[in-house]
$ cat input-v2.txt   # compact mmCIF, C-alpha atoms
# COMPACT_ATOMS: atom_id res chain seq x y z
CA MET A 753 4.03 -17.10 -41.95
CA LEU A 754 3.90 -16.22 -45.67
CA THR A 755 1.81 -18.22 -48.21
CA TYR A 756 2.28 -18.05 -51.94
CA THR A 757 -0.86 -16.98 -53.88
CA ASN A 758 0.45 -15.86 -57.30
CA PRO A 759 3.76 -14.71 -58.69
CA LEU A 760 3.11 -11.13 -57.61
CA VAL A 761 1.18 -11.35 -54.29
CA PHE A 762 2.17 -12.64 -50.88
CA ARG A 763 -0.48 -12.78 -48.16
CA HIS A 764 0.21 -12.71 -44.41
CA VAL A 765 -1.57 -15.41 -42.41
CA PRO A 766 -1.20 -15.08 -38.60
CA ASN A 767 0.36 -17.99 -36.78
CA PRO A 768 -2.48 -19.66 -34.77
CA ALA A 769 -0.25 -20.13 -31.71
CA CYS A 770 0.71 -16.45 -31.71
CA MET A 771 -2.93 -15.44 -32.14
CA LYS A 772 -3.91 -17.54 -29.13
CA LYS A 773 -1.22 -15.95 -26.94
CA LEU A 774 -2.20 -12.45 -28.03
CA ILE A 775 -5.91 -13.05 -27.41
CA THR A 776 -5.07 -14.41 -23.95
CA ALA A 777 -3.06 -11.27 -23.23
CA LEU A 778 -5.78 -8.85 -24.33
CA PRO A 779 -7.47 -8.59 -20.89
CA LEU A 780 -4.10 -7.77 -19.34
CA LEU A 781 -3.42 -5.15 -22.00
CA ALA A 782 -6.86 -3.72 -21.38
CA PHE A 783 -6.20 -3.42 -17.66
CA ALA A 784 -2.86 -1.76 -18.42
CA THR A 785 -4.66 0.97 -20.34
CA LEU A 786 -6.42 1.98 -17.12
CA GLY A 787 -3.01 3.19 -15.96
CA PHE A 788 -1.76 2.83 -12.41
CA SER A 789 1.39 4.81 -11.59
CA ALA A 790 4.30 2.87 -10.19
CA PRO A 791 4.32 2.80 -6.36
CA LEU A 792 7.47 3.72 -4.46
CA LEU A 793 7.55 0.57 -2.35
CA VAL A 794 5.62 -2.71 -2.44
CA GLU A 795 6.16 -5.54 0.06
CA ASN A 796 4.00 -8.62 0.62
CA PHE A 797 6.88 -10.77 1.97
CA ASP A 798 5.93 -13.72 -0.28
CA SER A 799 9.37 -13.88 -1.92
CA LEU A 800 11.27 -13.66 1.38
CA ASN A 801 12.54 -16.45 3.63
CA ILE A 802 10.73 -17.40 6.83
CA ALA A 803 13.38 -15.93 9.13
CA ASP A 804 14.46 -12.54 10.53
CA LEU A 805 13.36 -9.70 8.25
CA ASN A 806 16.68 -7.90 8.72
CA GLY A 807 18.76 -7.91 5.55
CA GLN A 808 16.01 -9.27 3.32
CA ASN A 809 14.91 -7.21 0.32
CA GLY A 810 16.49 -4.01 1.64
CA TRP A 811 14.98 -4.12 5.15
CA THR A 812 16.86 -3.06 8.28
CA ALA A 813 15.12 -4.58 11.30
CA ASN A 814 15.49 -5.61 14.91
CA ALA A 815 15.72 -9.35 15.60
CA ALA A 816 12.15 -9.26 16.98
CA LEU A 817 10.79 -8.58 13.48
CA ASP A 818 10.33 -11.80 11.49
CA VAL A 819 8.81 -13.15 8.29
CA ALA A 820 6.20 -15.85 8.99
CA SER A 821 3.91 -18.08 6.94
CA GLY A 822 0.35 -17.07 6.07
CA GLY A 823 -0.86 -13.77 4.59
CA LEU A 824 -3.37 -11.21 5.87
CA SER A 825 -6.45 -10.91 3.66
CA TYR A 826 -9.05 -8.14 3.84
CA SER A 827 -12.43 -7.69 2.17
CA ASN A 828 -14.84 -4.81 2.71
CA GLY A 829 -17.21 -3.42 0.11
CA ALA A 830 -15.32 -2.69 -3.10
CA ILE A 831 -11.91 -3.42 -1.57
CA SER A 832 -10.51 -6.93 -1.68
CA ILE A 833 -6.96 -7.89 -0.66
CA ALA A 834 -5.56 -11.40 -1.09
CA GLY A 835 -2.97 -11.87 1.63
CA GLY A 836 -0.61 -14.20 -0.20
CA ASP A 837 1.65 -16.74 1.52
CA LYS A 838 3.60 -14.75 4.13
CA HIS A 839 3.50 -11.76 6.46
CA ALA A 840 5.78 -9.98 8.94
CA THR A 841 5.29 -10.17 12.68
CA TRP A 842 6.67 -9.13 16.03
CA SER A 843 5.71 -9.93 19.61
CA GLY A 844 6.72 -8.21 22.82
CA ALA A 845 9.00 -5.75 21.05
CA ASP A 846 10.02 -2.41 22.57
CA VAL A 847 12.29 -0.88 19.92
CA GLN A 848 12.49 2.51 18.23
CA PRO A 849 12.68 2.15 15.27
CA LEU A 850 11.83 -1.53 15.01
CA GLY A 851 12.41 -1.76 11.26
CA PHE A 852 12.65 0.41 8.17
CA LYS A 853 13.15 0.41 4.39
CA ALA A 854 14.07 3.26 2.03
CA PHE A 855 12.39 4.42 -1.18
CA ALA A 856 13.04 7.26 -3.64
CA SER A 857 13.13 10.66 -1.92
CA GLN A 858 9.91 12.70 -2.19
CA SER A 859 9.07 16.38 -1.78
CA GLY A 860 5.28 16.06 -2.26
CA GLU A 861 2.61 14.13 -0.42
CA VAL A 862 3.25 10.46 0.38
CA TRP A 863 0.61 7.74 0.78
CA PHE A 864 0.91 4.32 2.37
CA SER A 865 -1.35 1.36 3.09
CA LEU A 866 -1.02 -1.98 4.87
CA THR A 867 -3.01 -4.71 6.60
CA ILE A 868 -2.45 -5.44 10.29
CA ASN A 869 -3.75 -7.81 12.93
CA VAL A 870 -3.12 -6.98 16.57
CA THR A 871 -3.45 -8.88 19.84
CA ALA A 872 -2.80 -6.62 22.83
CA THR A 873 -2.77 -7.66 26.47
CA ASP A 874 -2.05 -4.41 28.31
CA THR A 875 -2.85 -0.71 28.02
CA SER A 876 0.77 0.46 27.78
CA SER A 877 1.60 -1.09 24.40
CA ARG A 878 1.75 1.27 21.42
CA PHE A 879 3.01 0.91 17.90
CA TRP A 880 3.36 3.10 14.83
CA PHE A 881 3.73 2.75 11.09
CA TYR A 882 5.00 5.89 9.39
CA VAL A 883 6.91 7.56 6.58
CA SER A 884 9.73 9.97 7.37
CA ASN A 885 13.20 10.97 6.26
CA ASP A 886 16.13 8.69 7.00
CA ALA A 887 17.74 11.21 9.36
CA ASP A 888 14.82 11.45 11.78
CA LEU A 889 13.31 8.04 12.45
CA GLY A 890 13.11 8.49 16.21
CA ASP A 891 10.05 10.66 16.68
CA ALA A 892 9.41 12.91 13.67
CA GLY A 893 7.42 12.36 10.53
CA VAL A 894 4.00 10.89 10.17
CA VAL A 895 2.84 8.28 12.61
CA GLY A 896 -0.17 6.03 12.29
CA GLN A 897 -0.82 5.11 15.92
CA ILE A 898 -2.84 2.21 17.24
CA ASN A 899 -2.66 1.56 20.92
CA ASN A 900 -4.53 -0.72 23.28
CA ASN A 901 -7.35 0.55 25.47
CA SER A 902 -8.87 -2.13 27.66
CA THR A 903 -10.17 -4.86 25.33
CA ALA A 904 -10.31 -2.61 22.25
CA LEU A 905 -7.80 -0.91 19.98
CA ALA A 906 -7.73 2.82 19.39
CA ALA A 907 -6.72 3.96 15.88
CA GLY A 908 -5.58 7.51 15.36
CA SER A 909 -3.00 9.76 13.75
CA ARG A 910 0.04 11.37 15.27
CA ILE A 911 2.69 13.84 14.18
CA GLY A 912 6.23 13.66 15.51
CA SER A 913 7.70 15.21 18.62
CA SER A 914 4.77 17.60 19.10
CA GLN A 915 2.55 14.57 19.85
CA ALA A 916 -0.35 16.02 17.87
CA ILE A 917 -2.90 13.21 17.99
CA SER A 918 -6.25 13.01 16.27
CA GLY A 919 -9.45 11.49 17.59
CA ASN A 920 -9.47 7.72 18.00
CA SER A 921 -11.68 4.94 16.68
CA SER A 922 -12.48 1.86 18.73
CA LEU A 923 -11.61 -1.40 16.95
CA ASN A 924 -11.73 -5.04 17.91
CA ALA A 925 -8.41 -6.68 18.69
CA GLY A 926 -7.58 -9.83 16.76
CA ASN A 927 -9.22 -8.69 13.50
CA THR A 928 -7.32 -7.89 10.32
CA LEU A 929 -7.52 -4.16 9.64
CA PHE A 930 -6.68 -2.16 6.52
CA ILE A 931 -4.97 1.19 7.07
CA VAL A 932 -4.49 3.96 4.51
CA GLY A 933 -2.38 7.01 5.40
CA ARG A 934 -1.39 10.29 3.74
CA PHE A 935 1.45 12.58 4.85
CA SER A 936 1.39 16.11 3.45
CA GLN A 937 2.51 19.72 3.84
CA SER A 938 -0.58 21.57 4.96
CA GLN A 939 -0.98 23.84 7.96
CA THR A 940 -4.19 25.20 6.45
CA GLY A 941 -5.89 21.86 5.84
CA GLY A 942 -5.24 21.65 2.08
CA THR A 943 -3.06 19.06 0.34
CA ALA A 944 0.68 19.56 -0.30
CA ALA A 945 0.82 23.24 0.61
CA VAL A 946 4.21 24.94 0.77
CA GLY A 947 5.89 24.38 4.13
CA ASP A 948 6.90 21.57 6.44
CA TYR A 949 5.33 18.16 6.42
CA ASP A 950 2.84 18.67 9.19
CA LYS A 951 -0.36 16.78 8.43
CA MET A 952 -1.22 13.11 8.82
CA GLU A 953 -4.52 11.66 7.62
CA MET A 954 -5.47 8.06 8.28
CA TRP A 955 -8.37 5.86 7.24
CA VAL A 956 -9.12 2.54 8.93
CA ASN A 957 -11.10 -0.20 7.15
CA PRO A 958 -12.25 1.81 4.11
CA ASP A 959 -14.70 0.07 1.79
CA SER A 960 -14.13 2.12 -1.38
CA THR A 961 -11.75 4.61 -2.98
CA THR A 962 -13.91 7.47 -1.73
CA LEU A 963 -12.37 6.73 1.72
CA GLY A 964 -14.67 9.05 3.65
CA VAL A 965 -13.69 11.31 6.54
CA ALA A 966 -10.11 10.86 7.72
CA SER A 967 -8.73 10.75 11.22
CA ALA A 968 -6.33 13.70 10.92
CA ALA A 969 -3.61 15.32 13.00
CA ILE A 970 -1.76 18.57 12.28
CA ASN A 971 1.52 19.55 13.90
CA THR A 972 1.21 23.22 14.88
CA THR A 973 3.92 23.50 17.54
CA GLY A 974 6.75 21.05 16.83
CA THR A 975 9.53 21.04 14.24
CA GLY A 976 8.45 19.42 11.00
CA ILE A 977 10.28 17.85 8.07
CA THR A 978 10.78 20.17 5.10
CA SER A 979 11.40 17.58 2.36
CA GLY A 980 13.11 14.33 1.52
CA ILE A 981 10.53 11.76 2.67
CA ASP A 982 12.30 8.53 1.80
CA THR A 983 11.71 5.85 4.45
CA PHE A 984 8.91 3.63 5.71
CA ALA A 985 9.45 2.67 9.34
CA LEU A 986 7.73 1.10 12.32
CA THR A 987 8.21 1.43 16.06
CA ALA A 988 6.97 -0.57 19.06
CA LEU A 989 6.68 0.67 22.64
CA GLY A 990 5.74 -1.69 25.45
CA THR A 991 5.89 -5.46 25.42
CA GLY A 992 2.22 -6.48 25.61
CA SER A 993 1.34 -6.75 21.91
CA THR A 994 1.71 -9.18 19.05
CA VAL A 995 1.40 -7.46 15.68
CA LEU A 996 1.08 -9.09 12.26
CA TRP A 997 1.33 -6.89 9.15
CA ASP A 998 1.28 -7.40 5.41
CA ASN A 999 0.50 -5.91 1.97
CA LEU A 1000 2.59 -2.76 2.39
CA ARG A 1001 2.41 -0.16 -0.37
CA VAL A 1002 3.93 3.34 -0.44
CA GLY A 1003 3.27 5.81 -3.26
CA THR A 1004 2.60 9.39 -4.25
CA THR A 1005 -1.12 9.00 -5.00
CA GLN A 1006 -4.13 7.28 -3.51
CA ALA A 1007 -4.28 5.00 -6.54
CA ASP A 1008 -0.75 3.74 -5.82
CA VAL A 1009 -1.79 2.30 -2.49
CA LEU A 1010 -5.52 1.65 -2.80
CA ASP A 1011 -6.97 1.33 -6.29
CA VAL A 1012 -5.04 -1.86 -7.06
CA TYR A 1013 -7.17 -3.57 -4.39
CA THR A 1014 -10.58 -2.38 -5.60
CA ILE A 1015 -13.11 -4.53 -7.44
CA PRO A 1016 -13.91 -2.92 -10.83
CA GLU A 1017 -17.43 -1.62 -11.31
CA PRO A 1018 -19.60 -3.42 -13.92
CA SER A 1019 -19.02 -0.49 -16.30
CA SER A 1020 -15.28 -1.08 -16.02
CA TYR A 1021 -15.69 -4.74 -16.94
CA ALA A 1022 -17.79 -3.67 -19.94
CA ALA A 1023 -15.11 -1.21 -21.03
CA LEU A 1024 -12.40 -3.84 -20.71
CA GLY A 1025 -14.47 -6.37 -22.65
CA GLY A 1026 -15.15 -3.79 -25.35
CA LEU A 1027 -11.45 -2.98 -25.69
CA ALA A 1028 -10.58 -6.66 -25.98
CA ALA A 1029 -13.31 -7.19 -28.60
CA MET A 1030 -12.10 -4.21 -30.64
CA SER A 1031 -8.54 -5.50 -30.53
CA LEU A 1032 -9.63 -8.97 -31.64
CA ALA A 1033 -11.71 -7.54 -34.49
CA ALA A 1034 -8.73 -5.53 -35.67
CA LEU A 1035 -6.59 -8.66 -35.70
CA ARG A 1036 -9.21 -10.54 -37.71
CA ARG A 1037 -9.46 -7.73 -40.25
CA ARG A 1038 -5.72 -7.76 -40.63
CA ALA A 1039 -5.72 -11.55 -41.07
CA THR A 1040 -8.14 -11.36 -43.99
CA ARG A 1041 -6.16 -8.77 -45.93

$ encode --input "input-v2.txt" --output "structure tokens"
Amino acid sequence: MLTYTNPLVFRHVPNPACMKKLITALPLLAFATLGFSAPLLVENFDSLNIADLNGQNGWTANAALDVASGGLSYSNGAISIAGGDKHATWSGADVQPLGFKAFASQSGEVWFSLTINVTATDTSSRFWFYVSNDADLGDAGVVGQINNNSTALAAGSRIGSSQAISGNSSLNAGNTLFIVGRFSQSQTGGTAAVGDYDKMEMWVNPDSTTLGVASAAINTTGTGITSGIDTFALTALGTGSTVLWDNLRVGTTQADVLDVYTIPEPSSYAALGGLAAMSLAALRRRATR
């Protein structure tokens, strides 16, 4: 608002209500300056109806794939995921593909992450989460494979029709797991080399953005995908598993799918607080002019 001081001078005095709203927004503005790129696909199911997933929010899915109440939370080290109100689930499904959703077509590396919780009762049940192109959802593309082995789960990586499978990690059934995957073009082991998409890396239960050593598989014999990665899909084989999954993110960088879940270091909090303080001081200086 404007206040009259003398016939020649008007002085600007900030509206207290506006000042309060701006000060409240400063932490959010500070976080925004850290800069996360926009992911390609985000799905936590919270806005969907408790019913079949098919037809909701762009999903194409078999009738066995449903939205259910309750989210899947995960906490390990610097990574913390609040599961929200809902998740997706299937039980006893044997469908290929079981469900899928499209995103903008990509020609570089593609990352994805999700939380899952699995109960398996036989050794023949297998299931995959993967990114691919929309023309080849049957067996090509990147496959994050978890299959049952006795009373444990085995987590590994797999590439398409060549069945290139990495080493497995033993995990306890019935626990919520966090999976991070990267699909890239790299027959030599580097990232996004020229050529077909042929390399899948997967991390299970990471505790920081450093991730550590990946479970990796490289397709050296089968036909790969050259470009156009545009679909997240899942497949179930065998009828002995119940699988819950949530917090799906697909992006072009690790930060798109992982950093949003990390707990800031103390130095980050200090930086954010400093930015907010500087902004507030600037507002006060302006108010006294």

$ closest_residue --input "input-v2.txt" --among "A:Ala813, A:Ala856, A:Ile868, A:Ala820" --to "Thr983 of chain A" --atoms "all atoms listed in the file"
A:Ala856

$ atom_distance --input "input-v2.txt" --atom1 "atom CA of Val862 of chain A" --atom2 "atom CA of Gly822 of chain A"
28.3 Å

$ residues_near_point --input "input-v2.txt" --point "(-8.6, -3.8, 12.8)" --cutoff "10 Å" --atoms "all atoms listed in the file" --output "PDB file with C-alpha atoms, in the coordinates of the input"
ATOM      1  CA  TYR A 826      -9.050  -8.140   3.840  1.00  0.00           C
ATOM      2  CA  THR A 867      -3.010  -4.710   6.600  1.00  0.00           C
ATOM      3  CA  ILE A 868      -2.450  -5.440  10.290  1.00  0.00           C
ATOM      4  CA  ASN A 869      -3.750  -7.810  12.930  1.00  0.00           C
ATOM      5  CA  VAL A 870      -3.120  -6.980  16.570  1.00  0.00           C
ATOM      6  CA  ILE A 898      -2.840   2.210  17.240  1.00  0.00           C
ATOM      7  CA  ALA A 904     -10.310  -2.610  22.250  1.00  0.00           C
ATOM      8  CA  LEU A 905      -7.800  -0.910  19.980  1.00  0.00           C
ATOM      9  CA  ALA A 906      -7.730   2.820  19.390  1.00  0.00           C
ATOM     10  CA  ALA A 907      -6.720   3.960  15.880  1.00  0.00           C
ATOM     11  CA  SER A 922     -12.480   1.860  18.730  1.00  0.00           C
ATOM     12  CA  LEU A 923     -11.610  -1.400  16.950  1.00  0.00           C
ATOM     13  CA  ASN A 924     -11.730  -5.040  17.910  1.00  0.00           C
ATOM     14  CA  ALA A 925      -8.410  -6.680  18.690  1.00  0.00           C
ATOM     15  CA  GLY A 926      -7.580  -9.830  16.760  1.00  0.00           C
ATOM     16  CA  ASN A 927      -9.220  -8.690  13.500  1.00  0.00           C
ATOM     17  CA  THR A 928      -7.320  -7.890  10.320  1.00  0.00           C
ATOM     18  CA  LEU A 929      -7.520  -4.160   9.640  1.00  0.00           C
ATOM     19  CA  PHE A 930      -6.680  -2.160   6.520  1.00  0.00           C
ATOM     20  CA  ILE A 931      -4.970   1.190   7.070  1.00  0.00           C
ATOM     21  CA  VAL A 956      -9.120   2.540   8.930  1.00  0.00           C
ATOM     22  CA  ASN A 957     -11.100  -0.200   7.150  1.00  0.00           C
TER      23      ASN A 957
END

$ residues_around --input "input-v2.txt" --residues "Gln848 of chain A" --least-positions-apart "2" --cutoff "10 Å" --atoms "all atoms listed in the file" --output "PyMOL selection string"
chain A and resi 814+845-846+850-851+879-880+889-891+985-989

$ closest_residue --input "input-v2.txt" --among "A:Leu792, A:Met954, A:Ile1015, A:Ala840" --to "Gly823 of chain A" --atoms "all atoms listed in the file"
A:Ala840

$ residues_around --input "input-v2.txt" --residues "segment 999-1002 of chain A" --least-positions-apart "4" --cutoff "6 Å" --atoms "only C-alpha atoms" --output "PyMOL selection string"
chain A and resi 791-796+863-867+1009
